[in-house]
Amino acid sequence: MKTVYLNLMKRFIPLSLVLFVAISACERSVDGLSEPTFTENPNVYIDGFSSGLEYYPFQGSKLNAFSVDNQNTYGNSPTSMRFDVPNVGDPTGAYAGAIFRDDNGGRNLSNYNALTFYIKASTASTINEIGFGLDNEDNKYRVGVTGGLRVATYWQKVIIPIPDASKLTQERGMFWYSAGPVDGNGFSFWIDEMKYENLGTIGQPRPYIENGTDNISSAFEGQAYTVSNVGVTFNVADIGDISVNASAAYFKFSSTDPAVAAINADGSVSIVGGGTATITAELKGVAATGSVAITSIALAPIPTRDAANVISIFSDAYQNSPVDYFNGYWAPWQTTEGQDDIDINGNKVIKYSKLNFVGIEFQGEKTVDASTMTHFHVDIYVENTLKSSDFIQVKLQDLGVDNIFGGNNDKDGTVRLSVTSTPRLTNGSWISADLALTRFTGLSTRSNLAQIVFITDGTIKNILVDNMYFYKE
Amino acid sequence: MNKHFTKFSFFFALVFLLNGCKEDDGGGSRYTKLVWQDEFDTDGSIDPTKWALDIGTGVELFGQPGWGNNEQQYYSNRPENIIIKDGNLEITAIKESFNGSAYTSAKIHTKGIFQTTFGRFEARIKLPFGQGIWPAFWLLGDDSDGSLVWPAIGEIDIMEYRGQQPTVVHGTIHGPGYSGANGVTDSYALSNSRFDSDFYVFAVEWGPDFIDYYVNDVLYNRITPKDANGIWVFNDNEFYIILNVAVGGWFAGFPNNSTPFPQTMYIDYVRVYSEAN
């Protein structure tokens with residue numbers, strides 16, 4: 001067996017040399033000023049690691065998951081790669097995962113259209129993620145098999161198409177995988193004959209963004225918008241359709257209004273002006289299904305009142321009074337999600353979604369003495385369309401002189417905002433509510449204010465909130 | 001040893017390059033006189049002096065929709081289904097509710113316009129894709145004003161294809177005693193390319209007592225009277241050309257959720273050659 005193998009190698013080497021010479025001769029530029037090119041070596045693992053390749057495990061993965069195996073090999077191959085996925089609870093790691101990186105500067109894969117290999121496993125299972133294009137640096141051209149890769153106990157050929165190989169002129173991420181236990185059980189799998197190929201059997205690229213649906217979204221001016229659920233479905237003759245998820249960097253994006261949503265040089269989208277723009281994409285000239293219509297949201301007006309006359313709870317214009325939380329997640333009836341976690345270039349905004357009610361609390365030493373103040377200000381942006389019965393109640397809670405909840409001296413008052421109130425609720429733009437404290441009927445004391453509560457009973461589900469402060473005129 | 005091998009490789013590469021650059025000259029040695037063609041070079045609708053359209057579901061002819069094959073489409077003459085664009089005839093199958101059918105497509109033929117006996121019939125085509133898509137380039141024999149019926153009229157399927165098998169085409173003849181599933185047939189499979197990725201020339205060279213099947217320059221089957229389990233009906237009748245894209249039907253099966261629509265067959269040209277005197 002061994003002798004035959006060596007003979008084959010002898011025959012193989014001259015042929016590949018001839019082909020290499022022929023290809024090089026065609027591509028050499030006449031003026032001699034050709035750009036430096038990287039190796040087109042297609043091999044990742046044939047009978048061992050190809051030149052320059054290094055294994056880098058992911059953080060938290062089983063570090064010794066990978067080994068070279070000379071028992072379970074494909075065909076007459078002397079060795080294969082073996083990967084051991086740990087059981088749940090294995091102290092050596094919760095999963096197996098790594099990248100295989102070319103540390104000789106990268107490879108030119110632009111003449112191939114797929115990563116191919118043979119795989120089998122100790123038990124029929126699923127490898128959660130598997131693909132190429134991760135280099136642990138910018139991971140620019142990531143590709144993974146959508147939905148993971150199902151593996152059997154016998155060798156099967158796997159073909160992972162490259163969305164647009166012309167991008168991969170210096171790719172370092174030759175292969176990556178991440179596999180966790182299935183139903184608590186680890187398993188082993190073997191991969192052999194891994195290489196890049198140019199297969200004529202791959203066709204019918206059907207790219208998609210936003211999962212192929214026409215979505216509606218909103219984003220703040222100055223914010224980047226990440227087009228999500230991007231990928232391509234290919235057909236491989238005699239195998240069927242295969243879908244890969246891919247980095248947006250493979251795609252060329254277009255905006256119906258670059259003054260609203262601009263496409264940056266790296267393909268990312270930035271919201272730069274007011275209005276609505278629809279983002280579409282193409283891959284190698286094929287239009288992607290799916291789109292996203294992004295309505296830009298301007299930031300709330302910047303407050304101009306003199307800080308000397310203001311006690312601020314939430315605003316970037318003032319020194320804010322300390323707050324316990326912007327969402328108490330009050331069990332069991334509250335559905336509201338979100339708090340002060342949106343930051344647009346230093347301008348913080350609160351987004352409440354699934355709103356029924358939500359409380360902002362500042363107790364104990366944090367209570368606010370608004371006894372000399374005359375107004376409460378809040379900027380609200382309603383995303384939903386509005387019906388006449390929809391409302392937002394703004395409730396202020398004072399704890400009384402004892403400065404604790406209860407004690408028979410708590411006072412509160414509520415102002416109800418609707419499409420007929422002053423100010424009037426509208427959707428799709430900021431409303432600046434300057435609410436005289438006298439409108440909060442029942443709020444007879446306000447030296448120990450401890451809560452601001454928004455109540456909609458689900459009539460209005462998505463709002464943005466900014467610039468909450470008390471002031472005097 | 002190595003030296004010899006290298007020389008041989010260079011020689012081989014050279015031959016390959018020359019072949020790769022050679023223009024397809026269109027005819028075999030025998031049928032070289034171009035007698036009919038449509039190059040589809042003028043954008044717009046089809047040339048009525050060369051083609052006629054079949055419209056509908058075939059219910060009038062067959063008593064039920066489906067053109068005798070349980071096909072699911074309605075053949076229309078609308079530009080969405082048939083148009084000449086960028087130098088190609090495009091026949092497009094669309095998933096849409098139309099006059100009681102779930103799909104639309106188009107079918108054209110030269111019956112009564114151009115009919116002949118013997119010759120080379122060729123078309124350069126890029127095929128569509130998907131489960132249940134059934135495009136065809138075929139010939140039917142003249143029915144002598146209805147006095148002959150299929151399969152006695154004869155049928156030469158130059159190219160048939162199942163959209164779910166993008167590497168395989170089929171060439172078949174039907175006649176009395178060898179029709180339907182019993183037609184005389186062979187297929188041609190590509191090993192590392194696809195019929196929906198590039199254009200291919202599909203041809204028959206048809207003469208007395210033989211029909212030769214080609215894909216590009218490859219002769220992949222010859223059918224003669226001894227292959228047919230019945231009367232050879234291809235030595236005197238005149239035949240006409242048909243191009244269509246069916247959706248569903250017994251041959252390709254039926255489309256499913258994975259079938260992408262629309263699907264287009266691109267035809268660069270159709271040419272017919274006869275024997276040079």
# chains A, B, ... in the order shown; residues from 1 in each chain; ligands from 1
>>> select_by_dssp(residues="region 142-242 of chain B", states="strand (DSSP E)", output="PyMOL selection string")
chain B and resi 155-161+168-174+184-189+200-207+210-215+218-223+239-242
>>> interface_residues(of="chain B", to="chain A", cutoff="6 Å", atoms="only C-alpha atoms", output="JSON, numbers by chain")
{"B": [192, 193, 194]}
>>> write_last_selection(atoms="N, CA, C and O atoms", output="PDB file, in the first residue's frame")
ATOM      1  N   ASN B 192     -18.738  18.250 -13.895  1.00  0.00           N
ATOM      2  CA  ASN B 192     -18.356  19.349 -12.999  1.00  0.00           C
ATOM      3  C   ASN B 192     -18.863  20.688 -13.515  1.00  0.00           C
ATOM      4  O   ASN B 192     -18.153  21.695 -13.495  1.00  0.00           O
ATOM      5  N   SER B 193     -20.073  20.698 -14.041  1.00  0.00           N
ATOM      6  CA  SER B 193     -20.715  21.943 -14.460  1.00  0.00           C
ATOM      7  C   SER B 193     -22.215  21.704 -14.507  1.00  0.00           C
ATOM      8  O   SER B 193     -22.670  20.591 -14.244  1.00  0.00           O
ATOM      9  N   ARG B 194     -22.954  22.759 -14.820  1.00  0.00           N
ATOM     10  CA  ARG B 194     -24.409  22.672 -14.717  1.00  0.00           C
ATOM     11  C   ARG B 194     -25.052  23.308 -15.937  1.00  0.00           C
ATOM     12  O   ARG B 194     -24.566  24.300 -16.455  1.00  0.00           O
TER      13      ARG B 194
END
>>> select_by_dssp(residues="region 141-324 of chain A", states="helix (DSSP H, G or I)", output="compact mmCIF listing (two decimals) with C-alpha atoms, in the first residue's frame")
# COMPACT_ATOMS: atom_id res chain seq x y z
CA ALA A 165 -14.55 34.40 -3.77
CA SER A 166 -13.25 37.55 -5.46
CA LYS A 167 -13.18 39.10 -1.97
CA GLU A 210 -32.98 40.40 6.73
CA ASN A 211 -33.88 36.71 6.30
CA GLY A 212 -35.38 37.49 2.90
CA ALA A 248 -22.35 41.76 5.20
CA ALA A 249 -18.90 42.53 3.76
CA TYR A 250 -19.58 40.11 0.91
CA ALA A 307 -29.07 74.51 35.18
CA ALA A 308 -29.59 76.63 38.29
CA ASN A 309 -33.34 76.23 37.83
>>> residues_around(residues="Ala181 (chain B)", least_positions_apart="6", cutoff="10 Å", atoms="only C-alpha atoms", output="PyMOL selection string")
chain B and resi 174+250-251
>>> write_last_selection(atoms="N, CA, C and O atoms", output="PDB file, in the first residue's frame")
ATOM      1  N   HIS B 174     -40.371   9.253 -29.495  1.00  0.00           N
ATOM      2  CA  HIS B 174     -41.617   8.534 -29.245  1.00  0.00           C
ATOM      3  C   HIS B 174     -42.255   8.192 -30.587  1.00  0.00           C
ATOM      4  O   HIS B 174     -42.293   9.024 -31.494  1.00  0.00           O
ATOM      5  N   TRP B 250     -45.779  14.801 -15.219  1.00  0.00           N
ATOM      6  CA  TRP B 250     -45.279  13.474 -14.850  1.00  0.00           C
ATOM      7  C   TRP B 250     -43.779  13.375 -14.985  1.00  0.00           C
ATOM      8  O   TRP B 250     -43.137  12.628 -14.256  1.00  0.00           O
ATOM      9  N   PHE B 251     -43.180  14.088 -15.921  1.00  0.00           N
ATOM     10  CA  PHE B 251     -41.753  13.896 -16.203  1.00  0.00           C
ATOM     11  C   PHE B 251     -40.872  14.423 -15.078  1.00  0.00           C
ATOM     12  O   PHE B 251     -39.978  13.733 -14.595  1.00  0.00           O
TER      13      PHE B 251
END
>>> residues_around(residues="region 42-46 of chain B", least_positions_apart="2", cutoff="6 Å", atoms="only C-alpha atoms", output="PyMOL selection string")
chain B and resi 40+83-85
>>> residues_around(residues="region 341-358 of chain A", least_positions_apart="5", cutoff="8 Å", atoms="only C-alpha atoms", output="ChimeraX atom specification")
/A:220,222-223,315-316,327-330,334-336,453-466
>>> write_last_selection(atoms="C-alpha atoms", output="JSON list (two decimals), in the first residue's frame")
[["chain", "number", "residue", "atom", "x", "y", "z"],
["A", 220, "PHE", "CA", -31.15, 57.17, 15.55],
["A", 222, "GLY", "CA", -25.67, 59.23, 13.94],
["A", 223, "GLN", "CA", -26.17, 55.55, 14.66],
["A", 315, "SER", "CA", -30.52, 64.29, 30.61],
["A", 316, "ASP", "CA", -27.14, 64.75, 28.98],
["A", 327, "ASN", "CA", -36.89, 50.05, 35.03],
["A", 328, "GLY", "CA", -37.88, 48.19, 38.20],
["A", 329, "TYR", "CA", -39.17, 45.16, 36.30],
["A", 330, "TRP", "CA", -41.98, 45.09, 38.82],
["A", 334, "GLN", "CA", -45.06, 44.40, 34.29],
["A", 335, "THR", "CA", -44.22, 43.50, 30.69],
["A", 336, "THR", "CA", -42.05, 46.52, 29.95],
["A", 453, "VAL", "CA", -44.05, 56.05, 36.54],
["A", 454, "PHE", "CA", -45.28, 55.71, 32.96],
["A", 455, "ILE", "CA", -48.52, 53.78, 32.54],
["A", 456, "THR", "CA", -50.08, 52.87, 29.19],
["A", 457, "ASP", "CA", -51.89, 49.61, 30.03],
["A", 458, "GLY", "CA", -50.43, 48.33, 26.78],
["A", 459, "THR", "CA", -52.20, 50.90, 24.62],
["A", 460, "ILE", "CA", -48.82, 52.31, 23.59],
["A", 461, "LYS", "CA", -46.08, 49.70, 23.53],
["A", 462, "ASN", "CA", -42.90, 51.34, 22.26],
["A", 463, "ILE", "CA", -41.64, 54.72, 23.40],
["A", 464, "LEU", "CA", -38.37, 56.56, 23.70],
["A", 465, "VAL", "CA", -37.81, 58.83, 26.68],
["A", 466, "ASP", "CA", -35.25, 61.58, 27.18]]
>>> closest_residue(among="B:Gly183, B:Phe239, B:Ile133, B:Val149", to="Asp196 (chain B)", atoms="only C-alpha atoms")
B:Ile133
>>> residues_around(residues="Thr116 (chain B)", least_positions_apart="4", cutoff="9 Å", atoms="only C-alpha atoms", output="ChimeraX atom specification")
/B:237-240
>>> closest_residue(among="A:Thr226, A:Ser67, A:Thr39, A:Ser421", to="Arg172 (chain A)", atoms="only C-alpha atoms")
A:Thr39
>>> atom_distance(atom1="CA of Val260 (chain A)", atom2="CA of Val292 (chain A)")
13.1 Å
>>> closest_residue(among="B:Trp150, B:Glu160, B:Phe254, B:Asp186", to="Phe62 (chain B)", atoms="only C-alpha atoms")
B:Trp150
>>> residues_around(residues="region 263-273 of chain B", least_positions_apart="3", cutoff="7 Å", atoms="only C-alpha atoms", output="NGL selection string")
:B and (31-40 or 87-94 or 119-129)
>>> atom_distance(atom1="CA of Ile130 (chain A)", atom2="CA of Met194 (chain A)")
12.7 Å
>>> atom_distance(atom1="CA of Ser418 (chain A)", atom2="CA of Gly273 (chain A)")
28.3 Å
>>> closest_residue(among="A:Leu149, A:Val368, A:Val323, A:Ala293", to="Ile216 (chain A)", atoms="only C-alpha atoms")
A:Ala293
